[in-house]
Amino acid sequence: MRGKIMFKKAVLFIIIIFSFTLFPTLANASPATSYTMTLNSKGRYIRTQDAYLPERSVVELKLNNPQDLYIAIEKDDKGNIINNYMYIADTGNKRIIKYDPYQDVVINEYKLPEFKTPKGVFVTKNEEIYVADSGAEAIFKLNENGEVLNKFVKPTAPTFDERKFSPSKIGVDNRGNMFIYAEGVDFGIIHLSNSGEFLGYFTSNLTDLTFTQRLQNLLFNEEQLAKLFPRIPSTFSNVFVDHNNLVYTTTGNNALYAVKKHNIAGENNFSDGVFSQNNAVDIYVDEQGIIYAGMATGEIFVYTSDGEFIHSFGASNYSSRTRSADDIAGLFNSLSAIAVDGNGMVWALDDSKSFIQSFKPTEYALKIYQALNLYTNRRYQEAIATWQEVLRLNQMSVLAHNNIAKNYLALEEYELAMKHFEIAGNRDDYSEAFWEVRNIILQKNLTSVMIGFAIFAGLVMIAKAINKRKPFMYLVKAKIKEFTEIKQVNNVLYMFRVMRHPLDSFYELKKGKKGSFLGAITIYIGFFFVFLWYTIGKDFIYQYVAIEDLDFNSIVLGFFALTLLFVYCNYLVTSIKDGEGTLKQIFILFAYSLAPLFIACISVVLLSYILTYNEAFFLDLIMLIGGCWSGLNIILGVQEIHNYTTRDTIKSIILTIFFMLIIVILIAIIVIMWEQLINFLKEIVMEAIRNVTE
């Protein structure tokens, strides 16, 4: 009996062990309800380590269409956080709530008879509460007890237009100056003094012109432009002022400039734009300078103080499967506002479902913010060590590599900086580090290089002097001449004469006196390999597309298709236009005309290893000269081969390009129709199989 019991226990133990072995992922299941996303080194939006996890969903406050959120952080004399008081603009209930989220207690409720639609709230260090009420068309300034200290209505300054004053969001600096986003105001963020005086529009969005509007600007006069519909710039969606008096704004319909950080003149510090979406509704900046931007669809984007995208989290609760909104923690039906407390918790409002959701930062997020703070405080070695910890949590973190490189750059460890910038795909800063490395190399070796040149020049002079008395260089020259006089080599090298004397050279090519069809094929194939090298062989700074991302089939097919199509189409056109050249002669002139572009591609690849972004102009200039030179040679060659006038030559080139476009379009149509036919036949076969099996 005891043996049977022991046997059953052993079997049960084995089953338990087997279950843990079979299902190991259950112990590591993430409580995240949405993915944390970031950018990889190629700029692709990918999933990464969880940065925030949903924690609390506050639903018991009985909110109604809440529109704004602000957290006032209270500290003691030592800088320790005592309280995180949350101020909520409960618009539907016409009130402002002061709420302690950690004690889960409503501390105060501010309700005024004049409140109609309070949509924005901001609290200063002096605990003065500013409420933006679009329905009341006023800004209310309250004290901690809810007493009205001041009321600011529509400015009476002549410079303020006659539009309705409907303040919706507000930020206030340490001097009491107000920055207001008002509904219906297209000119920008309204700037009022602490007494309510209109100081102007602090900043404005630029008008994004369509292609048609740009053409109208070129072709229409002022009177005609005045009759067109007004061109209204994108309106802001929110405004925020941080503890350093810096102003931030969001724009709802412009993804590139959805988030802006303004200087004292109102200019955007993020002039190159940021990575975002086109539905930004709120912005918040914590005490460390980390920027948080909330999207109406529920995503929260996080940036460094310099506008570098860190990650995003959160999502919409809309389910495409059920075509309805699911009640899941961390997902939003309509996000309206966000705020960050002193403990790093992110709080977000859903105005449709009327609840508050909190997100707790993970170790991964906290390490990132710690490393960024160390860099800001110039503690570079500690920052590098912290970023290494981030890499241990996520080895593929582009943000970590990029910021490790920035710290090495600050420490003047330029080669290490280059290494990490390359991993991060940051070409701009890689170029800066490379410039420093190149400068150091030049400084160290300049004397040696100058001495080497001097020695070389001296040896050349000595060799010339000896050669005059006792010639010995003729042997070398004779060998070189013997090699260049090999027929095939001579035919290939003839392309350099075409560069210098195109008209005479094309005449000789036409008559068969110089060059050959085999030489043209050799040049053409050689140019193909040079083109491939140019495509994949440049240094990191100028190699914009990684080799693994290149479609070599398209590159090879495109090269041969376009070049040979030009030759064939020109033959067709000139056959109609009484051209004298044959298909073979057109190919020969085309191949021999490629010499300048041949040299330009080689030069650009080699120079890309020693030039930085600052010298990119030289590479562009080389390619421009090479391309134009080869293009001019082709035009002159067509003129000479076909015995055309300049006018006929230009016509034939234009018609050649036109024929090429027609052929490309026809081929594209045939390919698309063929794919549709194949798909149609597949569907018929699949339907037939289903009918038979059923």
# chains A, B, ... in the order shown; residues from 1 in each chain; ligands from 1
call {"tool": "residues_around", "arguments": {"residues": "Lys119 in chain A", "least_positions_apart": "2", "cutoff": "6 Å", "atoms": "only C-alpha atoms", "output": "JSON, numbers by chain"}}
result
{"A": [67, 89, 91, 117, 132, 133, 168]}
call {"tool": "residues_around", "arguments": {"residues": "range 514-519 of chain A", "least_positions_apart": "3", "cutoff": "8 Å", "atoms": "only C-alpha atoms", "output": "list of chain:residue names"}}
result
A:Gln488, A:Val489, A:Asn490, A:Asn491, A:Val492, A:Tyr494, A:Ser505, A:Glu508, A:Leu509, A:Lys511, A:Thr522, A:Ile523, A:Lys584, A:Ile588
call {"tool": "residues_around", "arguments": {"residues": "Pro54 in chain A", "least_positions_apart": "4", "cutoff": "9 Å", "atoms": "only C-alpha atoms", "output": "tab-separated table (two decimals) with C-alpha atoms, in the first residue's frame"}}
result
chain	number	residue	atom	x	y	z
A	31	PRO	CA	1.18	42.71	-17.49
A	32	ALA	CA	1.45	45.28	-20.28
A	33	THR	CA	-1.76	45.74	-22.28
A	314	GLY	CA	-0.41	53.12	-24.63
A	329	ALA	CA	-6.49	49.02	-18.41
A	330	GLY	CA	-3.93	51.11	-20.26
A	331	LEU	CA	-6.04	51.55	-23.38
A	357	GLN	CA	-5.23	55.80	-15.88
A	358	SER	CA	-1.79	55.63	-14.28
A	359	PHE	CA	1.34	54.04	-15.74
A	360	LYS	CA	4.29	52.93	-13.65
call {"tool": "residues_around", "arguments": {"residues": "Tyr303 in chain A", "least_positions_apart": "3", "cutoff": "7 Å", "atoms": "only C-alpha atoms", "output": "MDAnalysis selection string"}}
result
chainID A and resid 290:292 307:310
call {"tool": "atom_distance", "arguments": {"atom1": "CA of Ser271 in chain A", "atom2": "CA of Asp306 in chain A"}}
result
10.8 Å
call {"tool": "residues_around", "arguments": {"residues": "range 558-571 of chain A", "least_positions_apart": "3", "cutoff": "7 Å", "atoms": "only C-alpha atoms", "output": "list in words"}}
result
Ser554, Ile555, Thr574, Ser575, Leu583, Ile586, Phe587, Thr656, Phe659 and Met660 of chain A
call {"tool": "select_by_dssp", "arguments": {"residues": "range 345-404 of chain A", "states": "strand (DSSP E or B)", "output": "list in words"}}
result
Val346, Trp347, Ala348, Leu349, Asp350, Phe355, Ile356, Gln357, Ser358, Phe359, Lys360 and Pro361 of chain A
call {"tool": "residues_around", "arguments": {"residues": "Glu432 in chain A", "least_positions_apart": "4", "cutoff": "12 Å", "atoms": "only C-alpha atoms", "output": "PDB file with N, CA and C atoms, in the first residue's frame"}}
result
ATOM      1  N   ALA A 405      27.486  57.052 -27.281  1.00  0.00           N
ATOM      2  CA  ALA A 405      28.362  57.777 -28.204  1.00  0.00           C
ATOM      3  C   ALA A 405      28.448  59.255 -27.844  1.00  0.00           C
ATOM      4  N   LYS A 406      27.335  59.852 -27.454  1.00  0.00           N
ATOM      5  CA  LYS A 406      27.343  61.268 -27.073  1.00  0.00           C
ATOM      6  C   LYS A 406      28.225  61.506 -25.851  1.00  0.00           C
ATOM      7  N   LEU A 409      31.765  61.244 -26.934  1.00  0.00           N
ATOM      8  CA  LEU A 409      32.101  62.460 -27.667  1.00  0.00           C
ATOM      9  C   LEU A 409      32.449  63.587 -26.704  1.00  0.00           C
ATOM     10  N   ALA A 410      31.680  63.688 -25.614  1.00  0.00           N
ATOM     11  CA  ALA A 410      31.965  64.709 -24.609  1.00  0.00           C
ATOM     12  C   ALA A 410      33.290  64.439 -23.898  1.00  0.00           C
ATOM     13  N   GLU A 412      35.808  63.171 -25.375  1.00  0.00           N
ATOM     14  CA  GLU A 412      36.807  63.238 -26.445  1.00  0.00           C
ATOM     15  C   GLU A 412      37.373  61.866 -26.794  1.00  0.00           C
ATOM     16  N   TYR A 414      36.807  59.865 -29.377  1.00  0.00           N
ATOM     17  CA  TYR A 414      36.096  60.000 -30.644  1.00  0.00           C
ATOM     18  C   TYR A 414      35.920  58.678 -31.387  1.00  0.00           C
ATOM     19  N   GLU A 415      36.902  57.801 -31.342  1.00  0.00           N
ATOM     20  CA  GLU A 415      36.784  56.534 -32.062  1.00  0.00           C
ATOM     21  C   GLU A 415      35.703  55.656 -31.441  1.00  0.00           C
ATOM     22  N   ALA A 417      33.159  56.859 -29.835  1.00  0.00           N
ATOM     23  CA  ALA A 417      31.921  57.545 -30.199  1.00  0.00           C
ATOM     24  C   ALA A 417      31.485  57.144 -31.606  1.00  0.00           C
ATOM     25  N   MET A 418      32.430  57.087 -32.538  1.00  0.00           N
ATOM     26  CA  MET A 418      32.108  56.681 -33.911  1.00  0.00           C
ATOM     27  C   MET A 418      31.509  55.280 -33.945  1.00  0.00           C
ATOM     28  N   PHE A 421      27.907  55.492 -32.628  1.00  0.00           N
ATOM     29  CA  PHE A 421      27.067  56.255 -33.551  1.00  0.00           C
ATOM     30  C   PHE A 421      26.723  55.420 -34.783  1.00  0.00           C
ATOM     31  N   ASN A 426      23.404  56.958 -36.537  1.00  0.00           N
ATOM     32  CA  ASN A 426      23.435  58.423 -36.425  1.00  0.00           C
ATOM     33  C   ASN A 426      24.593  58.967 -37.259  1.00  0.00           C
ATOM     34  N   ARG A 427      24.294  59.348 -38.494  1.00  0.00           N
ATOM     35  CA  ARG A 427      25.344  59.796 -39.411  1.00  0.00           C
ATOM     36  C   ARG A 427      25.823  61.210 -39.099  1.00  0.00           C
ATOM     37  N   ASP A 428      24.939  62.068 -38.645  1.00  0.00           N
ATOM     38  CA  ASP A 428      25.321  63.455 -38.363  1.00  0.00           C
ATOM     39  C   ASP A 428      26.397  63.521 -37.275  1.00  0.00           C
ATOM     40  N   GLU A 436      36.794  65.017 -35.878  1.00  0.00           N
ATOM     41  CA  GLU A 436      37.774  65.157 -34.793  1.00  0.00           C
ATOM     42  C   GLU A 436      38.903  64.137 -34.954  1.00  0.00           C
ATOM     43  N   VAL A 437      38.546  62.893 -35.291  1.00  0.00           N
ATOM     44  CA  VAL A 437      39.569  61.853 -35.490  1.00  0.00           C
ATOM     45  C   VAL A 437      40.487  62.232 -36.645  1.00  0.00           C
ATOM     46  N   ARG A 438      39.901  62.677 -37.731  1.00  0.00           N
ATOM     47  CA  ARG A 438      40.695  63.084 -38.895  1.00  0.00           C
ATOM     48  C   ARG A 438      41.604  64.259 -38.554  1.00  0.00           C
ATOM     49  N   ASN A 439      41.085  65.190 -37.776  1.00  0.00           N
ATOM     50  CA  ASN A 439      41.877  66.358 -37.384  1.00  0.00           C
ATOM     51  C   ASN A 439      43.073  65.955 -36.527  1.00  0.00           C
ATOM     52  N   ILE A 541      28.944  57.279 -43.519  1.00  0.00           N
ATOM     53  CA  ILE A 541      28.322  58.603 -43.548  1.00  0.00           C
ATOM     54  C   ILE A 541      27.452  58.774 -44.786  1.00  0.00           C
ATOM     55  N   LEU A 611      35.947  62.291 -46.211  1.00  0.00           N
ATOM     56  CA  LEU A 611      35.193  63.538 -46.089  1.00  0.00           C
ATOM     57  C   LEU A 611      34.056  63.377 -45.092  1.00  0.00           C
ATOM     58  N   THR A 612      33.694  64.468 -44.427  1.00  0.00           N
ATOM     59  CA  THR A 612      32.576  64.481 -43.491  1.00  0.00           C
ATOM     60  C   THR A 612      31.363  65.114 -44.159  1.00  0.00           C
ATOM     61  N   TYR A 613      30.280  65.223 -43.398  1.00  0.00           N
ATOM     62  CA  TYR A 613      29.075  65.848 -43.936  1.00  0.00           C
ATOM     63  C   TYR A 613      29.328  67.291 -44.362  1.00  0.00           C
ATOM     64  N   ASN A 614      30.236  67.938 -43.681  1.00  0.00           N
ATOM     65  CA  ASN A 614      30.520  69.337 -44.017  1.00  0.00           C
ATOM     66  C   ASN A 614      31.092  69.483 -45.417  1.00  0.00           C
ATOM     67  N   GLU A 615      31.724  68.432 -45.924  1.00  0.00           N
ATOM     68  CA  GLU A 615      32.301  68.476 -47.271  1.00  0.00           C
ATOM     69  C   GLU A 615      31.454  67.735 -48.295  1.00  0.00           C
TER      70      GLU A 615
END
call {"tool": "residues_around", "arguments": {"residues": "Arg500 in chain A", "least_positions_apart": "6", "cutoff": "12 Å", "atoms": "only C-alpha atoms", "output": "CSV table (one decimal) with N, CA and C atoms, in the first residue's frame"}}
result
chain,number,residue,atom,x,y,z
A,494,TYR,N,40.6,54.6,-75.0
A,494,TYR,CA,40.2,55.7,-76.0
A,494,TYR,C,39.0,56.5,-75.3
A,506,PHE,N,34.1,61.1,-81.7
A,506,PHE,CA,32.9,60.4,-82.2
A,506,PHE,C,32.9,60.2,-83.7
A,592,TYR,N,31.1,54.9,-74.6
A,592,TYR,CA,32.3,55.7,-74.6
A,592,TYR,C,32.0,57.1,-73.9
A,593,SER,N,30.8,57.5,-73.9
A,593,SER,CA,30.4,58.7,-73.2
A,593,SER,C,30.4,58.6,-71.7
A,595,ALA,N,32.6,57.8,-69.6
A,595,ALA,CA,33.9,58.0,-68.9
A,595,ALA,C,33.9,59.0,-67.8
A,596,PRO,N,33.3,60.2,-68.0
A,596,PRO,CA,33.3,61.2,-66.8
A,596,PRO,C,32.5,60.6,-65.6
A,629,TRP,N,28.7,66.1,-67.7
A,629,TRP,CA,29.8,65.8,-68.8
A,629,TRP,C,29.4,64.6,-69.6
A,630,SER,N,29.0,63.5,-69.0
A,630,SER,CA,28.6,62.4,-69.8
A,630,SER,C,27.3,62.7,-70.6
A,632,LEU,N,26.4,65.5,-71.8
A,632,LEU,CA,26.8,66.4,-72.9
A,632,LEU,C,27.5,65.5,-74.0
A,633,ASN,N,28.3,64.6,-73.6
A,633,ASN,CA,29.0,63.7,-74.6
A,633,ASN,C,28.0,62.9,-75.3
call {"tool": "select_by_dssp", "arguments": {"residues": "range 350-590 of chain A", "states": "alpha helix (DSSP H)", "output": "PyMOL selection string"}}
result
chain A and resi 363-376+380-393+398-410+414-424+427-469+473-484+487-500+502-511+517-536+552-576+583-590
call {"tool": "closest_residue", "arguments": {"among": "A:Leu557, A:Ile180, A:Leu192, A:Val185", "to": "Ala157 in chain A", "atoms": "only C-alpha atoms"}}
result
A:Leu192
call {"tool": "atom_distance", "arguments": {"atom1": "CA of Phe528 in chain A", "atom2": "CA of Ala616 in chain A"}}
result
23.9 Å
call {"tool": "atom_distance", "arguments": {"atom1": "CA of Gly184 in chain A", "atom2": "CA of Pro167 in chain A"}}
result
9.4 Å
call {"tool": "closest_residue", "arguments": {"among": "A:Ala424, A:Leu349, A:Ala520, A:Leu597", "to": "Ser57 in chain A", "atoms": "only C-alpha atoms"}}
result
A:Leu349
call {"tool": "closest_residue", "arguments": {"among": "A:Leu246, A:Ile634, A:Val131, A:Ile466", "to": "Ala265 in chain A", "atoms": "only C-alpha atoms"}}
result
A:Leu246
call {"tool": "closest_residue", "arguments": {"among": "A:Asp282, A:Asp578, A:Glu197, A:Asp161", "to": "Tyr70 in chain A", "atoms": "only C-alpha atoms"}}
result
A:Asp282
call {"tool": "decode", "arguments": {"residues": "range 321-468 of chain A", "atoms": "C-alpha atoms", "output": "PDB file, in the first residue's frame"}}
result
ATOM      1  CA  ARG A 321     -12.509  42.288 -34.272  1.00  0.00           C
ATOM      2  CA  THR A 322     -15.566  43.380 -32.278  1.00  0.00           C
ATOM      3  CA  ARG A 323     -15.722  46.872 -33.859  1.00  0.00           C
ATOM      4  CA  SER A 324     -16.215  48.334 -30.401  1.00  0.00           C
ATOM      5  CA  ALA A 325     -14.238  49.835 -27.523  1.00  0.00           C
ATOM      6  CA  ASP A 326     -12.979  47.303 -24.974  1.00  0.00           C
ATOM      7  CA  ASP A 327     -12.529  48.291 -21.320  1.00  0.00           C
ATOM      8  CA  ILE A 328      -8.893  47.316 -20.799  1.00  0.00           C
ATOM      9  CA  ALA A 329      -6.489  49.018 -18.406  1.00  0.00           C
ATOM     10  CA  GLY A 330      -3.927  51.105 -20.256  1.00  0.00           C
ATOM     11  CA  LEU A 331      -6.043  51.546 -23.381  1.00  0.00           C
ATOM     12  CA  PHE A 332      -8.049  54.664 -24.231  1.00  0.00           C
ATOM     13  CA  ASN A 333     -11.169  55.514 -26.109  1.00  0.00           C
ATOM     14  CA  SER A 334     -10.178  59.185 -26.369  1.00  0.00           C
ATOM     15  CA  LEU A 335      -7.115  60.456 -24.514  1.00  0.00           C
ATOM     16  CA  SER A 336      -7.467  64.155 -23.588  1.00  0.00           C
ATOM     17  CA  ALA A 337      -4.654  64.994 -21.155  1.00  0.00           C
ATOM     18  CA  ILE A 338      -1.516  63.643 -19.497  1.00  0.00           C
ATOM     19  CA  ALA A 339       0.636  64.592 -16.502  1.00  0.00           C
ATOM     20  CA  VAL A 340       3.676  63.201 -14.675  1.00  0.00           C
ATOM     21  CA  ASP A 341       4.123  63.226 -10.904  1.00  0.00           C
ATOM     22  CA  GLY A 342       7.305  63.472  -8.862  1.00  0.00           C
ATOM     23  CA  ASN A 343       7.636  59.686  -8.658  1.00  0.00           C
ATOM     24  CA  GLY A 344       7.696  59.298 -12.416  1.00  0.00           C
ATOM     25  CA  MET A 345       4.159  57.955 -12.651  1.00  0.00           C
ATOM     26  CA  VAL A 346       2.347  58.993 -15.824  1.00  0.00           C
ATOM     27  CA  TRP A 347      -1.342  59.867 -15.432  1.00  0.00           C
ATOM     28  CA  ALA A 348      -3.693  60.120 -18.399  1.00  0.00           C
ATOM     29  CA  LEU A 349      -7.303  61.254 -18.823  1.00  0.00           C
ATOM     30  CA  ASP A 350      -9.893  59.638 -21.055  1.00  0.00           C
ATOM     31  CA  ASP A 351     -12.586  62.247 -21.723  1.00  0.00           C
ATOM     32  CA  SER A 352     -14.931  59.777 -23.410  1.00  0.00           C
ATOM     33  CA  LYS A 353     -14.914  57.148 -20.645  1.00  0.00           C
ATOM     34  CA  SER A 354     -14.223  59.776 -17.928  1.00  0.00           C
ATOM     35  CA  PHE A 355     -11.501  57.936 -16.032  1.00  0.00           C
ATOM     36  CA  ILE A 356      -7.847  58.429 -15.069  1.00  0.00           C
ATOM     37  CA  GLN A 357      -5.229  55.801 -15.881  1.00  0.00           C
ATOM     38  CA  SER A 358      -1.791  55.634 -14.285  1.00  0.00           C
ATOM     39  CA  PHE A 359       1.340  54.041 -15.738  1.00  0.00           C
ATOM     40  CA  LYS A 360       4.293  52.930 -13.648  1.00  0.00           C
ATOM     41  CA  PRO A 361       7.783  53.133 -15.197  1.00  0.00           C
ATOM     42  CA  THR A 362       9.729  49.879 -15.380  1.00  0.00           C
ATOM     43  CA  GLU A 363      13.396  49.465 -14.478  1.00  0.00           C
ATOM     44  CA  TYR A 364      14.170  49.846 -18.182  1.00  0.00           C
ATOM     45  CA  ALA A 365      12.561  53.314 -18.381  1.00  0.00           C
ATOM     46  CA  LEU A 366      14.043  54.459 -15.061  1.00  0.00           C
ATOM     47  CA  LYS A 367      17.563  53.500 -16.174  1.00  0.00           C
ATOM     48  CA  ILE A 368      17.119  55.489 -19.371  1.00  0.00           C
ATOM     49  CA  TYR A 369      15.981  58.609 -17.498  1.00  0.00           C
ATOM     50  CA  GLN A 370      18.785  58.190 -14.955  1.00  0.00           C
ATOM     51  CA  ALA A 371      21.380  57.985 -17.742  1.00  0.00           C
ATOM     52  CA  LEU A 372      19.942  61.059 -19.467  1.00  0.00           C
ATOM     53  CA  ASN A 373      20.078  62.982 -16.196  1.00  0.00           C
ATOM     54  CA  LEU A 374      23.714  61.990 -15.619  1.00  0.00           C
ATOM     55  CA  TYR A 375      24.612  63.270 -19.082  1.00  0.00           C
ATOM     56  CA  THR A 376      22.832  66.561 -18.394  1.00  0.00           C
ATOM     57  CA  ASN A 377      24.876  66.914 -15.204  1.00  0.00           C
ATOM     58  CA  ARG A 378      28.099  66.133 -17.146  1.00  0.00           C
ATOM     59  CA  ARG A 379      28.776  62.905 -15.273  1.00  0.00           C
ATOM     60  CA  TYR A 380      29.719  61.144 -18.472  1.00  0.00           C
ATOM     61  CA  GLN A 381      31.459  58.041 -17.137  1.00  0.00           C
ATOM     62  CA  GLU A 382      28.540  57.263 -14.821  1.00  0.00           C
ATOM     63  CA  ALA A 383      26.135  57.879 -17.695  1.00  0.00           C
ATOM     64  CA  ILE A 384      28.009  55.379 -19.887  1.00  0.00           C
ATOM     65  CA  ALA A 385      27.873  52.767 -17.124  1.00  0.00           C
ATOM     66  CA  THR A 386      24.125  53.328 -16.738  1.00  0.00           C
ATOM     67  CA  TRP A 387      23.561  53.070 -20.480  1.00  0.00           C
ATOM     68  CA  GLN A 388      25.486  49.781 -20.412  1.00  0.00           C
ATOM     69  CA  GLU A 389      22.909  48.559 -17.893  1.00  0.00           C
ATOM     70  CA  VAL A 390      20.186  49.608 -20.328  1.00  0.00           C
ATOM     71  CA  LEU A 391      21.916  47.545 -23.018  1.00  0.00           C
ATOM     72  CA  ARG A 392      21.895  44.549 -20.707  1.00  0.00           C
ATOM     73  CA  LEU A 393      18.114  44.915 -20.541  1.00  0.00           C
ATOM     74  CA  ASN A 394      17.807  45.555 -24.275  1.00  0.00           C
ATOM     75  CA  GLN A 395      20.865  44.798 -26.391  1.00  0.00           C
ATOM     76  CA  MET A 396      19.297  46.350 -29.499  1.00  0.00           C
ATOM     77  CA  SER A 397      18.568  49.740 -27.937  1.00  0.00           C
ATOM     78  CA  VAL A 398      19.503  52.376 -30.510  1.00  0.00           C
ATOM     79  CA  LEU A 399      18.851  55.063 -27.907  1.00  0.00           C
ATOM     80  CA  ALA A 400      21.470  53.519 -25.606  1.00  0.00           C
ATOM     81  CA  HIS A 401      24.144  53.280 -28.312  1.00  0.00           C
ATOM     82  CA  ASN A 402      23.418  56.804 -29.498  1.00  0.00           C
ATOM     83  CA  ASN A 403      23.728  58.279 -26.027  1.00  0.00           C
ATOM     84  CA  ILE A 404      26.788  56.222 -25.118  1.00  0.00           C
ATOM     85  CA  ALA A 405      28.362  57.777 -28.204  1.00  0.00           C
ATOM     86  CA  LYS A 406      27.343  61.268 -27.073  1.00  0.00           C
ATOM     87  CA  ASN A 407      29.028  60.695 -23.733  1.00  0.00           C
ATOM     88  CA  TYR A 408      32.197  59.417 -25.417  1.00  0.00           C
ATOM     89  CA  LEU A 409      32.101  62.460 -27.667  1.00  0.00           C
ATOM     90  CA  ALA A 410      31.965  64.709 -24.609  1.00  0.00           C
ATOM     91  CA  LEU A 411      34.911  62.765 -23.149  1.00  0.00           C
ATOM     92  CA  GLU A 412      36.807  63.238 -26.445  1.00  0.00           C
ATOM     93  CA  GLU A 413      36.918  59.471 -26.991  1.00  0.00           C
ATOM     94  CA  TYR A 414      36.096  60.000 -30.644  1.00  0.00           C
ATOM     95  CA  GLU A 415      36.784  56.534 -32.062  1.00  0.00           C
ATOM     96  CA  LEU A 416      34.542  54.913 -29.441  1.00  0.00           C
ATOM     97  CA  ALA A 417      31.921  57.545 -30.199  1.00  0.00           C
ATOM     98  CA  MET A 418      32.108  56.681 -33.911  1.00  0.00           C
ATOM     99  CA  LYS A 419      31.607  53.004 -33.135  1.00  0.00           C
ATOM    100  CA  HIS A 420      28.376  53.562 -31.209  1.00  0.00           C
ATOM    101  CA  PHE A 421      27.067  56.255 -33.551  1.00  0.00           C
ATOM    102  CA  GLU A 422      27.419  53.772 -36.401  1.00  0.00           C
ATOM    103  CA  ILE A 423      25.479  51.112 -34.501  1.00  0.00           C
ATOM    104  CA  ALA A 424      22.779  53.701 -33.781  1.00  0.00           C
ATOM    105  CA  GLY A 425      22.669  54.809 -37.416  1.00  0.00           C
ATOM    106  CA  ASN A 426      23.435  58.423 -36.425  1.00  0.00           C
ATOM    107  CA  ARG A 427      25.344  59.796 -39.411  1.00  0.00           C
ATOM    108  CA  ASP A 428      25.321  63.455 -38.363  1.00  0.00           C
ATOM    109  CA  ASP A 429      27.096  62.907 -35.051  1.00  0.00           C
ATOM    110  CA  TYR A 430      29.290  60.163 -36.532  1.00  0.00           C
ATOM    111  CA  SER A 431      30.509  62.767 -39.009  1.00  0.00           C
ATOM    112  CA  GLU A 432      31.314  65.161 -36.169  1.00  0.00           C
ATOM    113  CA  ALA A 433      33.325  62.489 -34.319  1.00  0.00           C
ATOM    114  CA  PHE A 434      35.086  61.465 -37.543  1.00  0.00           C
ATOM    115  CA  TRP A 435      36.047  65.096 -38.183  1.00  0.00           C
ATOM    116  CA  GLU A 436      37.774  65.157 -34.793  1.00  0.00           C
ATOM    117  CA  VAL A 437      39.569  61.853 -35.490  1.00  0.00           C
ATOM    118  CA  ARG A 438      40.695  63.084 -38.895  1.00  0.00           C
ATOM    119  CA  ASN A 439      41.877  66.358 -37.384  1.00  0.00           C
ATOM    120  CA  ILE A 440      43.942  64.528 -34.759  1.00  0.00           C
ATOM    121  CA  ILE A 441      45.502  62.275 -37.412  1.00  0.00           C
ATOM    122  CA  LEU A 442      46.403  65.272 -39.557  1.00  0.00           C
ATOM    123  CA  GLN A 443      47.937  67.134 -36.623  1.00  0.00           C
ATOM    124  CA  LYS A 444      50.002  64.117 -35.583  1.00  0.00           C
ATOM    125  CA  ASN A 445      51.216  63.254 -39.065  1.00  0.00           C
ATOM    126  CA  LEU A 446      51.373  66.611 -40.820  1.00  0.00           C
ATOM    127  CA  THR A 447      55.107  67.007 -40.236  1.00  0.00           C
ATOM    128  CA  SER A 448      55.845  63.466 -41.400  1.00  0.00           C
ATOM    129  CA  VAL A 449      53.682  63.934 -44.509  1.00  0.00           C
ATOM    130  CA  MET A 450      55.430  67.206 -45.405  1.00  0.00           C
ATOM    131  CA  ILE A 451      58.852  65.600 -44.935  1.00  0.00           C
ATOM    132  CA  GLY A 452      57.739  62.648 -47.070  1.00  0.00           C
ATOM    133  CA  PHE A 453      56.578  64.973 -49.858  1.00  0.00           C
ATOM    134  CA  ALA A 454      59.862  66.869 -49.680  1.00  0.00           C
ATOM    135  CA  ILE A 455      61.865  63.624 -49.917  1.00  0.00           C
ATOM    136  CA  PHE A 456      59.712  62.399 -52.806  1.00  0.00           C
ATOM    137  CA  ALA A 457      60.135  65.716 -54.671  1.00  0.00           C
ATOM    138  CA  GLY A 458      63.889  65.540 -54.112  1.00  0.00           C
ATOM    139  CA  LEU A 459      64.063  61.988 -55.425  1.00  0.00           C
ATOM    140  CA  VAL A 460      62.084  62.981 -58.524  1.00  0.00           C
ATOM    141  CA  MET A 461      64.487  65.870 -59.210  1.00  0.00           C
ATOM    142  CA  ILE A 462      67.496  63.588 -58.733  1.00  0.00           C
ATOM    143  CA  ALA A 463      65.968  60.962 -61.030  1.00  0.00           C
ATOM    144  CA  LYS A 464      65.380  63.584 -63.740  1.00  0.00           C
ATOM    145  CA  ALA A 465      68.943  64.846 -63.456  1.00  0.00           C
ATOM    146  CA  ILE A 466      70.357  61.309 -63.725  1.00  0.00           C
ATOM    147  CA  ASN A 467      67.992  60.522 -66.611  1.00  0.00           C
ATOM    148  CA  LYS A 468      69.373  63.477 -68.587  1.00  0.00           C
TER     149      LYS A 468
END
